[in-house]
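Source file: structure37.txt (compact mmCIF, C-alpha atoms)
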```txt
# COMPACT_ATOMS: atom_id res chain seq x y z
CA MET A 24 0.00 0.00 0.00
CA ARG A 25 1.36 3.42 -0.96
CA VAL A 26 1.60 6.14 1.71
CA ALA A 27 3.23 9.57 1.79
CA VAL A 28 5.42 11.03 4.52
CA THR A 29 5.30 14.78 4.00
CA THR A 30 7.04 16.12 7.11
CA SER A 31 10.21 18.01 6.22
CA THR A 32 12.24 15.56 8.29
CA PHE A 33 11.22 12.08 9.34
CA ALA A 34 13.13 9.32 11.13
CA GLU A 35 16.37 11.31 11.06
CA TYR A 36 17.13 10.49 14.69
CA ASP A 37 15.47 7.09 14.89
CA GLU A 38 14.63 4.94 11.86
CA GLU A 39 12.15 2.80 13.78
CA PRO A 40 9.08 4.69 12.42
CA LEU A 41 10.16 3.88 8.85
CA ARG A 42 10.80 0.24 9.75
CA LEU A 43 7.37 0.09 11.36
CA LEU A 44 5.65 1.44 8.23
CA ARG A 45 7.53 -0.91 5.93
CA ALA A 46 6.82 -3.89 8.18
CA GLY A 47 3.16 -2.92 7.90
CA GLY A 48 3.32 -3.32 4.14
CA MET A 49 3.65 0.35 3.26
CA GLU A 50 5.47 1.72 0.21
CA ILE A 51 6.72 5.15 1.36
CA VAL A 52 6.75 8.30 -0.76
CA ALA A 53 8.94 10.88 0.99
CA ASN A 54 8.95 14.67 0.86
CA PRO A 55 11.75 15.47 -1.64
CA HIS A 56 11.90 19.18 -0.80
CA ARG A 57 12.79 18.88 2.92
CA ARG A 58 10.62 21.87 3.75
CA THR A 59 6.93 22.59 4.25
CA LEU A 60 5.09 21.67 1.06
CA THR A 61 2.88 24.00 -0.88
CA GLU A 62 -0.68 22.95 -1.64
CA SER A 63 0.18 21.90 -5.19
CA GLU A 64 3.27 19.99 -4.06
CA ALA A 65 1.20 18.15 -1.46
CA ALA A 66 -1.35 17.23 -4.12
CA ASP A 67 1.38 15.84 -6.37
CA ILE A 68 2.94 13.70 -3.64
CA LEU A 69 -0.38 12.34 -2.32
CA ARG A 70 -1.61 11.08 -5.70
CA GLY A 71 -2.12 7.34 -5.48
CA CYS A 72 -1.63 7.26 -1.70
CA ALA A 73 -3.92 5.60 0.82
CA GLY A 74 -2.51 7.52 3.75
CA VAL A 75 -0.19 10.33 4.74
CA VAL A 76 1.99 11.05 7.75
CA ALA A 77 1.53 14.78 7.51
CA GLY A 78 3.49 17.86 8.48
CA THR A 79 2.02 21.36 8.44
CA GLU A 80 1.40 21.58 4.69
CA PRO A 81 -2.11 22.70 3.66
CA LEU A 82 -4.29 19.63 3.24
CA SER A 83 -7.24 21.24 1.53
CA ALA A 84 -10.24 19.80 -0.27
CA ALA A 85 -8.32 20.20 -3.54
CA VAL A 86 -5.40 18.18 -2.19
CA MET A 87 -7.78 15.46 -1.00
CA ASP A 88 -9.49 15.38 -4.39
CA ALA A 89 -6.10 14.77 -6.00
CA ALA A 90 -5.84 11.60 -3.89
CA PRO A 91 -9.25 9.91 -4.17
CA GLY A 92 -7.93 6.76 -2.48
CA LEU A 93 -6.82 8.63 0.63
CA LYS A 94 -8.16 6.99 3.78
CA VAL A 95 -6.19 8.57 6.62
CA ILE A 96 -4.32 11.77 7.46
CA SER A 97 -1.99 11.12 10.40
CA ARG A 98 -0.54 14.42 11.64
CA CYS A 99 2.92 14.21 13.16
CA GLY A 100 2.07 16.89 15.72
CA SER A 101 -0.89 18.17 17.66
CA GLY A 102 -2.25 21.00 15.51
CA LEU A 103 -4.91 20.30 12.90
CA ASP A 104 -5.43 23.82 11.56
CA SER A 105 -3.61 22.90 8.31
CA VAL A 106 -6.20 20.18 7.61
CA ASP A 107 -9.63 20.94 6.15
CA LEU A 108 -11.48 18.76 8.66
CA ALA A 109 -14.89 19.26 7.08
CA ALA A 110 -13.55 18.18 3.68
CA ALA A 111 -11.92 15.13 5.24
CA GLN A 112 -15.14 14.12 6.99
CA ALA A 113 -17.15 14.58 3.81
CA ARG A 114 -14.76 12.26 1.95
CA GLY A 115 -14.61 9.65 4.69
CA ILE A 116 -10.95 10.37 5.46
CA GLN A 117 -10.00 9.71 9.07
CA VAL A 118 -7.76 12.30 10.75
CA ARG A 119 -5.40 11.52 13.62
CA ASN A 120 -2.81 13.57 15.50
CA THR A 121 -0.25 13.19 18.29
CA PRO A 122 -1.42 15.59 21.00
CA LEU A 123 0.58 14.23 23.93
CA ALA A 124 4.13 13.87 22.63
CA PRO A 125 5.01 17.57 22.04
CA VAL A 126 3.72 18.88 25.38
CA GLY A 127 6.90 18.73 27.42
CA ALA A 128 9.17 19.91 24.64
CA VAL A 129 7.09 22.99 23.78
CA ALA A 130 6.67 23.89 27.44
CA GLU A 131 10.41 23.58 28.10
CA LEU A 132 11.19 25.72 25.04
CA THR A 133 8.80 28.37 26.36
CA LEU A 134 10.57 28.40 29.71
CA ALA A 135 13.98 28.54 28.00
CA LEU A 136 12.91 31.52 25.88
CA ALA A 137 11.56 33.33 28.94
CA LEU A 138 14.83 32.80 30.80
CA ASP A 139 16.83 33.94 27.77
CA LEU A 140 14.76 37.11 27.34
CA SER A 141 14.76 37.89 31.06
CA ARG A 142 18.55 37.57 31.39
CA ARG A 143 19.23 38.91 27.86
CA ILE A 144 21.49 35.96 27.13
CA THR A 145 21.21 35.85 23.34
CA LEU A 146 21.64 39.62 23.08
CA MET A 147 24.90 39.57 25.05
CA ASP A 148 26.14 36.49 23.20
CA ARG A 149 25.75 38.39 19.92
CA GLU A 150 27.54 41.40 21.37
CA VAL A 151 30.48 39.39 22.70
CA ARG A 152 30.92 37.70 19.33
CA ALA A 153 30.91 41.15 17.71
CA GLY A 154 33.62 42.40 20.07
CA THR A 155 31.44 44.22 22.61
CA TRP A 156 31.94 43.33 26.28
CA LYS A 157 28.94 44.85 28.02
CA LYS A 158 27.19 43.51 31.08
CA ARG A 159 23.46 44.10 30.67
CA MET A 160 21.17 43.96 33.67
CA GLY A 161 18.50 41.29 33.53
CA GLN A 162 15.55 40.26 35.67
CA LEU A 163 14.56 37.17 37.63
CA LEU A 164 11.55 35.12 36.65
CA ALA A 165 10.60 34.65 40.30
CA GLY A 166 7.74 36.92 41.30
CA LYS A 167 6.66 37.72 37.75
CA LEU A 168 3.12 37.20 36.47
CA VAL A 169 3.06 34.89 33.46
CA GLY A 170 -0.05 35.26 31.32
CA ILE A 171 -0.88 32.10 29.37
CA PHE A 172 -3.24 32.37 26.40
CA GLY A 173 -4.60 28.90 25.77
CA PHE A 174 -4.92 26.44 28.65
CA GLY A 175 -4.85 23.06 27.01
CA ARG A 176 -2.21 20.41 27.64
CA ILE A 177 0.72 22.66 26.74
CA GLY A 178 -0.64 25.71 28.54
CA ARG A 179 -1.09 23.67 31.72
CA LYS A 180 2.44 22.28 31.50
CA VAL A 181 3.78 25.81 30.96
CA ALA A 182 1.94 26.96 34.09
CA ALA A 183 3.45 24.10 36.11
CA LEU A 184 7.01 24.86 34.98
CA PHE A 185 6.76 28.59 35.65
CA THR A 186 5.20 27.94 39.04
CA LEU A 187 8.28 25.90 39.94
CA MET A 188 10.37 28.94 39.01
CA GLY A 189 8.51 31.05 41.57
CA CYS A 190 6.22 32.81 39.11
CA GLU A 191 2.56 33.66 39.53
CA THR A 192 0.55 32.26 36.62
CA ALA A 193 -2.82 33.12 35.14
CA PHE A 194 -4.55 32.13 31.93
CA HIS A 195 -7.18 33.14 29.42
CA ASP A 196 -9.03 30.52 27.41
CA PRO A 197 -12.67 30.94 26.34
CA CYS A 198 -13.07 27.15 26.29
CA VAL A 199 -11.75 26.49 29.80
CA ALA A 200 -13.53 27.52 32.98
CA GLY A 201 -10.55 26.76 35.22
CA ASP A 202 -9.85 24.02 37.71
CA GLY A 203 -8.20 25.86 40.57
CA SER A 204 -4.65 25.07 39.49
CA CYS A 205 -4.24 28.45 37.79
CA ARG A 206 -6.18 31.70 37.99
CA ARG A 207 -8.46 32.52 35.06
CA MET A 208 -8.53 36.13 33.84
CA GLU A 209 -10.21 38.07 31.08
CA ALA A 210 -7.97 38.74 28.08
CA ASP A 211 -7.64 42.51 28.50
CA ASP A 212 -6.89 42.23 32.22
CA LEU A 213 -4.26 39.57 31.61
CA LEU A 214 -2.59 41.60 28.87
CA ALA A 215 -2.48 44.66 31.10
CA GLN A 216 -1.01 42.88 34.12
CA ALA A 217 1.25 40.10 32.83
CA ASP A 218 5.01 40.59 32.85
CA ILE A 219 5.35 37.74 30.35
CA VAL A 220 2.64 36.82 27.83
CA THR A 221 2.97 33.40 26.22
CA LEU A 222 0.67 32.01 23.52
CA HIS A 223 -0.46 28.39 23.40
CA CYS A 224 -3.75 28.63 21.52
CA PRO A 225 -4.98 27.79 18.01
CA PRO A 226 -5.43 30.47 15.33
CA ARG A 227 -8.57 32.56 15.36
CA ALA A 228 -11.40 31.25 13.19
CA ASP A 229 -11.38 34.46 11.13
CA GLY A 230 -7.64 34.21 10.45
CA LEU A 231 -6.88 37.56 12.10
CA PRO A 232 -4.04 37.94 14.62
CA LEU A 233 -4.84 37.38 18.26
CA LEU A 234 -2.45 40.24 19.04
CA ASP A 235 -2.61 43.08 16.54
CA ALA A 236 -1.38 46.62 17.15
CA ASP A 237 -4.29 47.28 19.50
CA GLY A 238 -3.75 44.08 21.48
CA LEU A 239 -0.02 44.70 21.76
CA GLY A 240 -0.78 48.21 22.93
CA ARG A 241 -2.86 46.81 25.79
CA MET A 242 0.11 44.86 27.12
CA LYS A 243 1.97 46.03 30.20
CA ASP A 244 4.83 48.43 29.45
CA GLY A 245 8.13 46.54 29.37
CA ALA A 246 6.48 43.12 29.10
CA LEU A 247 7.89 40.14 27.20
CA LEU A 248 6.01 38.18 24.54
CA ILE A 249 6.54 34.54 23.53
CA ASN A 250 4.80 32.74 20.67
CA ALA A 251 5.58 29.03 20.42
CA ALA A 252 2.08 28.11 19.24
CA ARG A 253 1.05 29.09 15.71
CA GLY A 254 2.21 31.59 13.12
CA GLY A 255 -0.26 34.38 12.52
CA LEU A 256 -1.28 34.79 16.16
CA VAL A 257 0.84 37.95 16.30
CA ASP A 258 0.92 40.82 13.81
CA GLU A 259 4.67 40.74 13.22
CA SER A 260 4.93 44.28 11.81
CA ALA A 261 2.99 45.67 14.76
CA LEU A 262 5.22 43.68 17.11
CA ALA A 263 8.31 45.22 15.50
CA ASP A 264 6.82 48.67 16.09
CA ALA A 265 6.03 47.86 19.73
CA LEU A 266 9.60 46.71 20.29
CA GLN A 267 11.19 49.65 18.51
CA SER A 268 9.09 52.12 20.50
CA GLY A 269 10.10 50.48 23.79
CA LYS A 270 6.53 49.48 24.59
CA LEU A 271 7.72 45.87 24.92
CA ALA A 272 11.11 44.88 26.28
CA GLY A 273 11.54 41.76 24.19
CA ALA A 274 9.93 38.96 22.24
CA ALA A 275 10.68 35.39 21.22
CA LEU A 276 8.97 33.72 18.27
CA ASP A 277 9.27 30.10 17.20
CA VAL A 278 6.46 30.34 14.63
CA PHE A 279 5.70 32.89 11.93
CA THR A 280 2.99 33.95 9.53
CA ARG A 281 5.24 32.86 6.67
CA GLU A 282 7.94 30.26 7.15
CA PRO A 283 10.87 30.42 6.68
CA TYR A 284 10.92 33.89 8.21
CA PRO A 285 13.02 36.13 5.90
CA ALA A 286 16.31 37.62 7.07
CA SER A 287 14.98 40.94 5.75
CA GLY A 288 11.88 40.74 8.01
CA PRO A 289 11.27 43.60 10.44
CA LEU A 290 12.00 41.48 13.51
CA ALA A 291 15.32 40.08 12.31
CA SER A 292 17.34 43.21 12.96
CA LEU A 293 15.96 44.02 16.41
CA PRO A 294 18.33 43.27 19.31
CA GLY A 295 15.69 42.28 21.87
CA VAL A 296 14.20 39.52 19.75
CA ILE A 297 14.88 35.77 19.64
CA LEU A 298 13.81 33.96 16.47
CA THR A 299 13.87 30.16 16.17
CA PRO A 300 12.83 28.02 13.16
CA HIS A 301 9.68 26.27 14.48
CA ILE A 302 11.55 23.92 16.83
CA GLY A 303 8.93 23.50 19.55
CA ALA A 304 8.84 19.71 19.24
CA TYR A 305 12.48 19.33 18.21
CA ALA A 306 13.77 17.44 21.19
CA ALA A 307 15.11 14.12 19.97
CA GLU A 308 13.01 12.08 22.40
CA THR A 309 9.87 14.03 21.56
CA ARG A 310 10.38 13.86 17.82
CA ALA A 311 10.91 10.10 17.92
CA ALA A 312 7.77 9.63 20.03
CA MET A 313 5.68 11.80 17.68
CA GLU A 314 6.88 9.93 14.60
CA MET A 315 6.22 6.53 16.13
CA GLU A 316 2.75 7.57 17.25
CA SER A 317 1.89 9.03 13.84
CA ALA A 318 3.09 5.85 12.11
CA ARG A 319 1.03 3.68 14.47
CA ASN A 320 -2.05 5.86 13.94
CA LEU A 321 -1.73 5.53 10.16
CA LEU A 322 -1.27 1.75 10.29
CA ALA A 323 -4.17 1.31 12.70
CA VAL A 324 -6.58 2.96 10.27
CA LEU A 325 -5.26 1.27 7.15
CA HIS A 326 -5.30 -2.13 8.85
CA GLY A 327 -8.82 -1.58 10.10
CA LYS A 328 -7.91 -1.47 13.78
CA ASN A 329 -9.09 2.08 14.46
```
As structure tokens, what does this structure read like?
Amino acid sequence: MRVAVTTSTFAEYDEEPLRLLRAGGMEIVANPHRRTLTESEAADILRGCAGVVAGTEPLSAAVMDAAPGLKVISRCGSGLDSVDLAAAQARGIQVRNTPLAPVGAVAELTLALALDLSRRITLMDREVRAGTWKKRMGQLLAGKLVGIFGFGRIGRKVAALFTLMGCETAFHDPCVAGDGSCRRMEADDLLAQADIVTLHCPPRADGLPLLDADGLGRMKDGALLINAARGGLVDESALADALQSGKLAGAALDVFTREPYPASGPLASLPGVILTPHIGAYAAETRAAMEMESARNLLAVLHGKN
């Protein structure tokens, strides 16, 4: 049976997922571009395939129509916003994801970025390499209010890690009433009071940024912003303006509206910004677990076990 693996990297650190697919009788069509596929590229690769271990490429109705024998989309990751779920349901295509595996890795990256921004580590590293020896004053995380937008599995893990660092945590999530482990706040209040705002929510249904110029303007003066969730949640041009004006003290982004983020982008030249290439789940243990789970999910459907 022919299946596609469209993630930009797969089984680089552990070949067991590939062995598992082949042992299950699968002929594998790999992503030849080693980057996120365009819609037309995804359609080309999926032709003749019964299943796909998917990355973040757009899996639209048109892509599904190009692969009429497609029975399962198995996302190697938790997010499903790149998949037209209604189109999949209408065509009888089952959709699976791996919601548990990335939780710890994304939460740890968020904590690492907060520590980096607070102590200005990356900024001083760049300066030392450029010949400038300047000790810049940082801040402790302890005692700071961390505002978490999105309180699912990752948001809850983020709250737990920051609590261990001595932070106060609060969250906003219209779908979560709260369970006593973390204080729930309205969005505007949380923006106005949080020393660190970190995003762990899906994109808005209308496609607009969660934080545009107005939302960024409601943030506490000197606050830090972290987005390790989804590109498009932050208006990147407005964020550059907020950083240049001194409204915000720093920002770290692991995801972008367009990826790869261009070196000429407005955030790339700002000293108080950390930019990483969508590495939230890129811990070796996490990546291996996600790939194995996505392979098992695909085989379960194609073998009629799920």
Test item: residues at most 6 Å from segment 234-240 of chain A, all atoms listed in the file, excluding those fewer than 5 positions along its chain, as a ChimeraX atom specification
/A:257-258,261
Keeping only C-alpha atoms, write the selected residues as a CSV table (one decimal), keeping the file's coordinate frame.
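Contents of out-v9.csv, freshly written:
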```
chain,number,residue,atom,x,y,z
A,257,VAL,CA,0.8,38.0,16.3
A,258,ASP,CA,0.9,40.8,13.8
A,261,ALA,CA,3.0,45.7,14.8
```
Counting all atoms listed in the file, what is within 6 Å of segment 74-90 of chain A, bar same-chain residues fewer than 2 positions away, as a ChimeraX atom specification?
/A:26-30,59-60,62,66,69-72,92-99,105-107,110
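Close contacts of Asp37 of chain A, defined as residues with an atom at most 9 Å away when counting all atoms listed in the file, with chain neighbours fewer than 3 positions off set aside, comprise Phe33, Ala34, Pro40, Leu41, Ala307, Arg310 and Ala311 of chain A.
Proximity to Ala217 of chain A was assessed for A:Ile171, A:Leu123, A:Leu256, A:Met160 counting only C-alpha atoms; the smallest distance is recorded for A:Ile171.
Counting all atoms listed in the file, segment 144-154 of chain A has the following residues at most 12 Å away, ignoring those fewer than 2 positions along the same chain: A:Ala135, A:Leu136, A:Ala137, A:Leu138, A:Asp139, A:Leu140, A:Ser141, A:Arg142, A:Trp156, A:Lys157, A:Lys158, A:Arg159, A:Met160, A:Gly161, A:Gln162, A:Gly273, A:Ala274, A:Ala275, A:Ser292, A:Leu293, A:Pro294, A:Gly295, A:Val296, A:Ile297, A:Leu298, A:Thr299.
For Ala46 of chain A, the non-local neighbours within 12 Å, defined as residues at least 6 positions apart in the same chain or in other chains and counting all atoms listed in the file, are Met24, Glu39, Pro40, Ala318, Arg319 and Leu322 of chain A.
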Written selection (C-alpha atoms) as a PDB file, in the frame of the given file:
```pdb
ATOM      1  CA  MET A  24       0.000   0.000   0.000  1.00  0.00           C
ATOM      2  CA  GLU A  39      12.150   2.800  13.780  1.00  0.00           C
ATOM      3  CA  PRO A  40       9.080   4.690  12.420  1.00  0.00           C
ATOM      4  CA  ALA A 318       3.090   5.850  12.110  1.00  0.00           C
ATOM      5  CA  ARG A 319       1.030   3.680  14.470  1.00  0.00           C
ATOM      6  CA  LEU A 322      -1.270   1.750  10.290  1.00  0.00           C
TER       7      LEU A 322
END
```
